[in-house]
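Undergrad: Structure supplied as entry-v3.csv; contents: CSV, C-alpha atoms.
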```
chain,number,residue,atom,x,y,z
Q,586,MET,CA,63.1,9.0,-46.0
Q,587,PRO,CA,63.6,5.4,-44.9
Q,588,ASP,CA,61.7,4.1,-41.8
Q,589,ASP,CA,64.9,2.9,-40.1
Q,590,PHE,CA,66.3,6.4,-39.7
Q,591,SER,CA,67.6,7.2,-36.3
Q,592,LEU,CA,68.0,10.6,-34.9
Q,593,ARG,CA,70.9,9.3,-32.8
Q,594,ASP,CA,72.9,9.1,-36.0
Q,595,LEU,CA,73.0,12.9,-36.1
Q,596,GLY,CA,76.4,12.8,-34.5
Q,597,GLU,CA,78.1,14.9,-31.9
Q,598,PRO,CA,79.1,18.5,-31.8
Q,599,PRO,CA,82.8,19.2,-32.8
Q,600,GLU,CA,85.3,18.4,-30.1
Q,601,ALA,CA,86.6,22.0,-30.2
Q,602,SER,CA,83.2,23.2,-29.0
Q,603,TYR,CA,83.5,21.4,-25.7
Q,604,GLU,CA,86.9,23.0,-25.0
Q,605,ALA,CA,85.6,26.4,-26.1
Q,606,VAL,CA,82.6,26.2,-23.8
Q,607,ARG,CA,84.8,25.1,-20.8
Q,608,ARG,CA,87.3,27.9,-21.5
Q,609,ARG,CA,84.5,30.5,-21.8
Q,610,VAL,CA,82.7,29.4,-18.6
Q,611,MET,CA,85.8,29.2,-16.5
Q,612,GLY,CA,86.9,32.7,-17.8
Q,613,GLU,CA,83.5,34.1,-16.9
Q,614,ILE,CA,83.5,32.5,-13.4
Q,615,ARG,CA,87.0,34.0,-12.7
Q,616,ARG,CA,86.0,37.4,-14.0
Q,617,ARG,CA,82.9,37.4,-11.8
Q,618,LYS,CA,85.0,36.3,-8.8
Q,619,ARG,CA,87.4,39.2,-9.4
Q,620,VAL,CA,84.5,41.6,-9.6
Q,621,ARG,CA,83.0,40.2,-6.4
Q,622,ASN,CA,86.3,40.4,-4.6
Q,623,ALA,CA,86.8,44.0,-5.7
Q,624,MET,CA,83.3,44.9,-4.5
Q,625,ARG,CA,84.1,43.2,-1.1
Q,626,ILE,CA,87.2,45.3,-0.7
Q,627,VAL,CA,85.3,48.5,-1.6
Q,628,ALA,CA,82.6,47.6,0.9
Q,629,VAL,CA,85.1,46.9,3.7
Q,630,ALA,CA,86.9,50.1,3.0
Q,631,ALA,CA,83.7,52.1,3.0
Q,632,GLY,CA,82.8,50.4,6.3
Q,633,VAL,CA,86.1,51.4,7.9
Q,634,VAL,CA,85.7,55.0,6.7
Q,635,LEU,CA,82.2,55.1,8.2
Q,636,VAL,CA,83.4,53.7,11.6
Q,637,MET,CA,86.3,56.2,11.7
Q,638,ALA,CA,84.0,59.0,10.9
Q,639,GLY,CA,81.6,57.9,13.7
Q,640,LEU,CA,84.4,57.6,16.2
Q,641,LEU,CA,85.6,61.1,15.4
Q,642,ALA,CA,82.2,62.6,15.7
Q,643,LEU,CA,81.7,61.0,19.2
Q,644,ARG,CA,85.1,62.2,20.6
Q,645,PRO,CA,84.6,65.2,23.0
Q,646,GLY,CA,86.1,68.4,21.7
Q,647,PRO,CA,88.1,71.2,23.7
Q,648,PRO,CA,86.0,73.2,26.3
Q,649,MET,CA,84.3,76.2,24.7
Q,650,PRO,CA,84.7,79.6,26.3
Q,651,ARG,CA,81.5,80.7,28.1
Q,652,ALA,CA,79.5,83.4,26.5
Q,653,PRO,CA,79.2,86.5,28.8
Q,654,MET,CA,75.8,86.7,30.6
Q,655,LEU,CA,73.8,89.8,30.3
Q,656,ALA,CA,71.5,90.8,33.2
Q,657,ARG,CA,68.5,92.8,32.2
Q,658,ALA,CA,67.5,95.7,34.5
Q,659,PRO,CA,63.9,96.1,35.3
Q,660,GLY,CA,62.1,99.0,33.7
Q,661,ALA,CA,61.8,102.4,35.5
Q,662,PRO,CA,58.8,102.8,37.9
Q,663,VAL,CA,55.8,104.4,36.5
Q,664,LEU,CA,55.1,107.8,38.0
Q,665,THR,CA,51.5,108.8,38.3
Q,666,PRO,CA,50.9,112.5,37.7
Q,667,VAL,CA,49.2,114.4,40.5
Q,668,ASN,CA,46.1,115.2,38.4
Q,669,ARG,CA,45.4,111.6,37.9
Q,670,LEU,CA,45.8,111.0,41.7
Q,671,LEU,CA,43.2,113.6,42.4
Q,672,ALA,CA,40.8,112.2,39.8
Q,673,ARG,CA,41.2,108.7,41.3
Q,674,ALA,CA,40.5,110.0,44.9
Q,675,ALA,CA,37.4,111.8,43.6
Q,676,ARG,CA,36.1,108.6,42.1
Q,677,LYS,CA,36.6,106.8,45.4
Q,678,GLY,CA,35.1,109.6,47.5
Q,679,ILE,CA,38.1,110.1,49.7
Q,680,SER,CA,40.5,113.0,50.0
Q,681,PRO,CA,43.5,112.9,47.7
Q,682,SER,CA,45.8,113.3,50.6
Q,683,ARG,CA,44.4,110.1,52.3
Q,684,ASP,CA,44.5,108.3,49.0
Q,685,ARG,CA,48.1,109.4,48.6
Q,686,ARG,CA,48.9,108.4,52.1
Q,687,GLU,CA,47.3,105.0,51.6
Q,688,ARG,CA,49.0,104.5,48.3
Q,689,TYR,CA,52.2,106.1,49.0
Q,690,ALA,CA,52.8,105.2,52.7
Q,691,PRO,CA,56.3,105.9,53.8
Q,692,ALA,CA,58.0,103.6,51.6
Q,693,GLN,CA,60.9,101.5,52.6
Q,694,GLU,CA,63.9,101.5,50.5
Q,695,LEU,CA,63.3,99.0,47.7
Q,696,VAL,CA,66.3,96.8,47.0
Q,697,VAL,CA,66.3,94.3,44.2
Q,698,ARG,CA,69.1,91.7,44.2
Q,699,MET,CA,69.5,89.9,41.0
Q,700,GLN,CA,71.5,86.7,40.9
Q,701,THR,CA,73.4,85.9,37.8
Q,702,ASP,CA,74.7,82.5,36.7
Q,703,ASP,CA,78.0,83.4,38.3
Q,704,PRO,CA,77.5,83.3,42.2
Q,705,ASN,CA,80.2,85.9,42.5
Q,706,VAL,CA,78.3,88.5,40.6
Q,707,VAL,CA,75.2,89.9,42.1
Q,708,ILE,CA,73.4,93.0,40.6
Q,709,ILE,CA,71.9,95.1,43.3
Q,710,TRP,CA,69.3,97.7,42.2
Q,711,MET,CA,68.1,100.2,44.8
Q,712,VAL,CA,65.1,102.4,44.4
Q,713,ASP,CA,64.4,105.3,46.7
K,433,MET,CA,89.2,10.2,-11.4
K,434,GLU,CA,87.9,10.8,-7.9
K,435,PRO,CA,84.5,9.7,-6.6
K,436,PRO,CA,81.8,12.0,-8.0
K,437,ALA,CA,80.4,13.0,-4.7
K,438,ASP,CA,83.7,14.4,-3.7
K,439,VAL,CA,83.8,16.5,-6.9
K,440,LEU,CA,80.5,18.0,-6.0
K,441,ALA,CA,81.6,18.8,-2.4
K,442,ARG,CA,84.8,20.4,-3.7
K,443,ALA,CA,82.9,22.4,-6.3
K,444,TRP,CA,80.6,23.5,-3.5
K,445,ARG,CA,83.6,24.9,-1.6
K,446,GLY,CA,84.6,27.0,-4.7
K,447,ASP,CA,87.2,24.7,-6.1
K,448,GLU,CA,87.5,25.7,-9.8
K,449,ALA,CA,89.1,22.4,-10.9
K,450,ALA,CA,86.2,20.4,-9.4
K,451,PHE,CA,83.7,22.6,-11.2
K,452,GLU,CA,85.6,22.0,-14.4
K,453,GLU,CA,85.4,18.3,-13.8
K,454,LEU,CA,81.6,18.6,-13.2
K,455,MET,CA,81.4,20.4,-16.6
K,456,ARG,CA,83.4,17.6,-18.3
K,457,MET,CA,80.9,15.1,-16.9
K,458,HIS,CA,77.9,16.9,-18.4
K,459,GLU,CA,79.2,18.9,-21.3
K,460,ARG,CA,78.2,16.3,-24.0
K,461,GLN,CA,74.7,16.1,-22.7
K,462,VAL,CA,74.3,19.9,-22.6
K,463,LEU,CA,76.0,20.8,-25.9
K,464,ARG,CA,74.4,18.0,-27.9
K,465,THR,CA,70.9,18.9,-26.7
K,466,ALA,CA,71.5,22.6,-27.3
K,467,LEU,CA,72.9,21.9,-30.8
K,468,ARG,CA,69.9,19.8,-31.8
K,469,LEU,CA,67.5,22.4,-30.4
K,470,LEU,CA,69.2,25.5,-31.9
K,471,GLY,CA,70.7,24.0,-35.1
K,472,ARG,CA,73.9,26.1,-35.0
K,473,VAL,CA,77.2,25.3,-33.2
K,474,GLU,CA,77.8,28.9,-32.2
K,475,ASP,CA,74.3,29.2,-30.7
K,476,ALA,CA,74.7,25.9,-28.9
K,477,GLU,CA,78.0,27.0,-27.4
K,478,ASP,CA,76.4,30.3,-26.1
K,479,ALA,CA,73.5,28.3,-24.6
K,480,ALA,CA,75.9,25.7,-23.0
K,481,GLN,CA,77.9,28.6,-21.5
K,482,GLU,CA,74.8,30.1,-20.0
K,483,VAL,CA,73.6,26.7,-18.7
K,484,PHE,CA,76.9,26.0,-16.9
K,485,LEU,CA,77.0,29.5,-15.4
K,486,ARG,CA,73.6,28.8,-14.0
K,487,LEU,CA,74.8,25.5,-12.7
K,488,TYR,CA,77.7,27.3,-10.9
K,489,ARG,CA,75.3,29.8,-9.3
K,490,ASN,CA,72.9,27.0,-8.2
K,491,LEU,CA,75.5,24.5,-7.1
K,492,ARG,CA,74.6,24.6,-3.5
K,493,GLY,CA,71.1,23.4,-4.3
K,494,PHE,CA,72.3,19.9,-5.2
K,495,GLN,CA,73.0,17.2,-2.7
K,496,THR,CA,73.9,14.5,-5.1
K,497,LEU,CA,75.3,14.3,-8.6
K,498,ALA,CA,72.2,12.4,-9.8
K,499,GLU,CA,70.1,15.6,-9.3
K,500,ILE,CA,72.2,17.6,-11.7
K,501,ARG,CA,71.5,15.7,-14.9
K,502,PRO,CA,67.7,16.2,-15.1
K,503,TRP,CA,68.1,19.8,-13.9
K,504,LEU,CA,70.6,20.4,-16.7
K,505,TYR,CA,68.2,19.1,-19.3
K,506,ARG,CA,65.5,21.4,-18.0
K,507,VAL,CA,67.7,24.5,-17.9
K,508,THR,CA,69.2,23.6,-21.4
K,509,VAL,CA,65.7,23.5,-22.9
K,510,ASN,CA,64.7,26.7,-21.3
K,511,VAL,CA,67.9,28.5,-22.2
K,512,CYS,CA,67.6,27.3,-25.8
K,513,TYR,CA,64.0,28.5,-26.0
K,514,ASP,CA,65.1,31.9,-24.8
K,515,LEU,CA,68.1,32.1,-27.1
K,516,GLY,CA,66.1,30.7,-30.1
K,517,ARG,CA,63.4,33.3,-29.7
K,518,LYS,CA,65.9,36.1,-29.2
K,519,ARG,CA,67.9,35.1,-32.3
K,520,ARG,CA,64.8,34.0,-34.2
K,521,ARG,CA,66.1,30.5,-34.6
K,522,PHE,CA,62.8,28.9,-33.9
K,523,VAL,CA,61.5,29.8,-37.2
K,524,ALA,CA,59.8,28.7,-39.8
K,525,GLU,CA,57.0,26.9,-41.2
K,526,PHE,CA,58.4,24.6,-43.8
K,527,PRO,CA,57.6,26.0,-47.2
K,528,GLU,CA,54.9,23.9,-48.7
K,529,GLU,CA,55.5,24.7,-52.3
K,530,LEU,CA,58.6,22.9,-53.5
K,531,PRO,CA,59.4,21.5,-56.8
K,532,VAL,CA,58.9,17.8,-56.5
K,533,GLN,CA,61.0,15.4,-58.5
K,534,GLN,CA,60.8,11.7,-58.1
K,535,THR,CA,64.2,10.3,-57.2
K,536,GLN,CA,65.5,7.2,-55.6
K,537,GLU,CA,66.2,7.1,-51.8
K,538,SER,CA,69.6,5.6,-52.6
K,539,ASP,CA,70.7,8.8,-54.3
K,540,VAL,CA,71.2,10.4,-50.9
K,541,SER,CA,74.3,9.5,-48.9
K,542,LEU,CA,74.2,8.9,-45.2
K,543,GLU,CA,76.1,12.1,-44.6
K,544,GLN,CA,73.7,14.1,-46.7
K,545,ARG,CA,70.8,12.5,-44.8
K,546,ARG,CA,72.3,13.5,-41.5
K,547,GLU,CA,72.6,17.1,-42.7
K,548,LEU,CA,69.0,17.0,-44.0
K,549,LEU,CA,67.8,15.6,-40.7
K,550,ALA,CA,69.6,18.2,-38.7
K,551,GLU,CA,68.1,20.9,-41.0
K,552,ALA,CA,64.7,19.4,-40.8
K,553,LEU,CA,64.7,19.6,-37.0
K,554,ALA,CA,64.8,23.3,-37.2
K,555,TYR,CA,61.4,23.3,-38.9
K,556,LEU,CA,59.7,21.5,-36.0
K,557,PRO,CA,57.7,23.7,-33.5
K,558,GLU,CA,59.8,24.3,-30.4
K,559,LYS,CA,58.0,22.0,-28.0
K,560,GLU,CA,57.7,19.2,-30.5
K,561,ARG,CA,61.4,19.6,-31.2
K,562,ALA,CA,62.3,19.5,-27.5
K,563,ALA,CA,60.3,16.3,-27.0
K,564,VAL,CA,61.8,14.6,-30.1
K,565,VAL,CA,65.4,15.6,-29.1
K,566,LEU,CA,65.1,14.4,-25.5
K,567,ARG,CA,63.2,11.2,-26.3
K,568,GLU,CA,64.8,10.2,-29.6
K,569,ILE,CA,68.3,11.7,-29.5
K,570,GLU,CA,69.0,11.7,-25.7
K,571,GLY,CA,67.1,8.5,-25.2
K,572,LEU,CA,65.3,9.6,-22.1
K,573,GLU,CA,62.1,7.8,-20.9
K,574,THR,CA,58.9,9.5,-21.8
K,575,ALA,CA,58.1,10.1,-18.2
K,576,LYS,CA,61.4,11.9,-17.7
K,577,VAL,CA,60.9,14.0,-20.8
K,578,ALA,CA,57.5,15.0,-19.5
K,579,GLU,CA,59.0,16.0,-16.2
K,580,ILE,CA,61.7,18.0,-17.8
K,581,LEU,CA,59.2,19.8,-20.2
K,582,GLY,CA,56.6,20.3,-17.5
K,583,SER,CA,54.2,18.2,-19.5
K,584,THR,CA,52.4,14.9,-19.3
K,585,PRO,CA,53.6,11.5,-20.8
K,586,VAL,CA,50.6,11.4,-23.1
K,587,THR,CA,51.4,14.8,-24.5
K,588,VAL,CA,55.1,13.9,-24.9
K,589,ARG,CA,54.2,10.7,-26.8
K,590,THR,CA,51.9,12.7,-29.1
K,591,GLN,CA,54.6,15.3,-29.7
K,592,VAL,CA,57.2,12.7,-30.5
K,593,SER,CA,54.9,10.8,-32.8
K,594,THR,CA,53.8,13.9,-34.6
K,595,GLY,CA,57.4,15.2,-34.7
K,596,ARG,CA,58.7,12.1,-36.3
K,597,ALA,CA,56.1,12.1,-38.9
K,598,ARG,CA,56.7,15.7,-39.6
K,599,LEU,CA,60.4,15.2,-39.8
K,600,ARG,CA,60.0,12.4,-42.3
K,601,GLU,CA,57.9,14.7,-44.5
K,602,ILE,CA,60.3,17.6,-44.2
K,603,VAL,CA,63.4,15.5,-45.0
K,604,ALA,CA,61.6,14.1,-48.1
K,605,ARG,CA,60.9,17.6,-49.2
K,606,LEU,CA,64.4,18.8,-48.5
K,607,GLU,CA,65.8,15.9,-50.5
K,608,ARG,CA,63.7,16.8,-53.5
K,609,ARG,CA,64.6,20.5,-53.2
K,610,LYS,CA,68.3,19.8,-53.1
K,611,ARG,CA,68.3,17.8,-56.3
```
In structure tokens, how does this file's structure come out?

TA:
Amino acid sequence: MPDDFSLRDLGEPPEASYEAVRRRVMGEIRRRKRVRNAMRIVAVAAGVVLVMAGLLALRPGPPMPRAPMLARAPGAPVLTPVNRLLARAARKGISPSRDRRERYAPAQELVVRMQTDDPNVVIIWMVD
Amino acid sequence: MEPPADVLARAWRGDEAAFEELMRMHERQVLRTALRLLGRVEDAEDAAQEVFLRLYRNLRGFQTLAEIRPWLYRVTVNVCYDLGRKRRRFVAEFPEELPVQQTQESDVSLEQRRELLAEALAYLPEKERAAVVLREIEGLETAKVAEILGSTPVTVRTQVSTGRARLREIVARLERRKR
């Protein structure tokens, strides 16, 4: 190989290559733009759907009918048998009659008024 | 043709015609470098396409046209390295054992010599080849080549010198083989 060789003599790529590269690059750029625009449209549509769904969820609905309230009556009074009253009086060292008097002094009539949520409804429970 | 700065500004704003104009301004540089690094026109076109798509993506990073040229060289070299490795284009140790026949240099025409030289380039190691292509074919200054290759001027000078010597030897061997 001679000493005066020059790599610059290697020449240029064929002209058709430049055109081909330009065409391919511009085609790819347009394709990517189309994809990006399509994705933007999808994103905007998804955003609109989300906003609509949010607005629908926040809107107040029709008034619901009230569930009926149930009042619970207190349990029945515990009746102490006489035998047990006597046993208790004996333990305290007093007569059963006194114990009974003390414990069961003439009772007033016991009236229990129960309020419900509805001010017009009051449950009255009377015990003799 | 409009002033270059305006081309860049319009390309910035997404004007396709302006970007095409930018490509025309740099296509010879990119395609020629890619062809010398890869050795095949088809590969060089693929590399050039990738380089210009990267330019399009990074367009906003440039303030002036002068910044584009060295950037394109750097990206072209990197894309060619990647493509060459992927397609196994950076091959080859040159076969040492070749039948040697003594012939006259004048037997080889200029056209044949060009072909041999282009073929011989493919046998250079990739960094040596890049240094030779940028320095000897593109005619860049050594300091610029070093900057593009991320190397030092001393290394580039060594690579170019070694590369030229190796090319000479490879071309001589190829000449002998083809006869």

Undergrad: Counting all atoms listed in the file, which residues from chain Q have an atom at most 9 Å from any atom of chain K, and could you show them as a ChimeraX atom specification?

TA: /Q:586-588,591-599,602-603,605-607,609-611,613-615

Undergrad: Set the distance at 10 Å and use only C-alpha atoms: which residues neighbour Trp503 (chain K) once local chain neighbours fewer than 6 positions away are removed? I'd like the list as a list in words.

TA: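 Here the answer would be Leu487, Phe494 and Ile580 of chain K.
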
Undergrad: Pick out the residues sitting within 12 Å of region 583-587 of chain K, and hand them over as a list in words; count only C-alpha atoms, and ignore anything fewer than 3 positions along from it in its own chain.

TA: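 Non-adjacent residues within range: Arg506, Lys559, Glu560, Ala562, Ala563, Val564, Arg567, Leu572, Glu573, Thr574, Ala575, Lys576, Val577, Ala578, Glu579, Ile580, Thr590, Gln591, Val592, Ser593, Thr594 and Gly595 of chain K.
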
Undergrad: Between CA of Leu641 (chain Q) and CA of Ala628 (chain Q), measure the distance and give it in Å to one decimal.

TA: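 So the answer is 20.0 Å.
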
Undergrad: What's the separation between CA of Arg492 (chain K) and CA of Leu470 (chain K), in Å to one decimal place?

TA: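 Computing the Euclidean distance for CA of Arg492 (chain K) and CA of Leu470 (chain K) yields 28.9 Å.
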
Undergrad: Could you pull the residues within 10 Å of region 495-500 of chain K, counting only C-alpha atoms, minus those fewer than 3 positions along the same chain, as an MDAnalysis selection string?

TA: chainID K and resid 436:441 444 454 458 487 491:492 503:506

Undergrad: Nearest to Arg598 (chain K): which of K:Lys518, K:Leu469, K:Arg561, K:Arg501 is it, counting all atoms listed in the file?

TA: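 Checking each of K:Lys518, K:Leu469, K:Arg561, K:Arg501 against Arg598 (chain K), counting all atoms listed in the file, the winner is K:Arg561.
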
Undergrad: Go ahead and compute the interatomic distance for CA of Glu551 (chain K) and CA of Gly471 (chain K), in Å to one decimal.

TA: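 Between CA of Glu551 (chain K) and CA of Gly471 (chain K) the gap is 7.2 Å.
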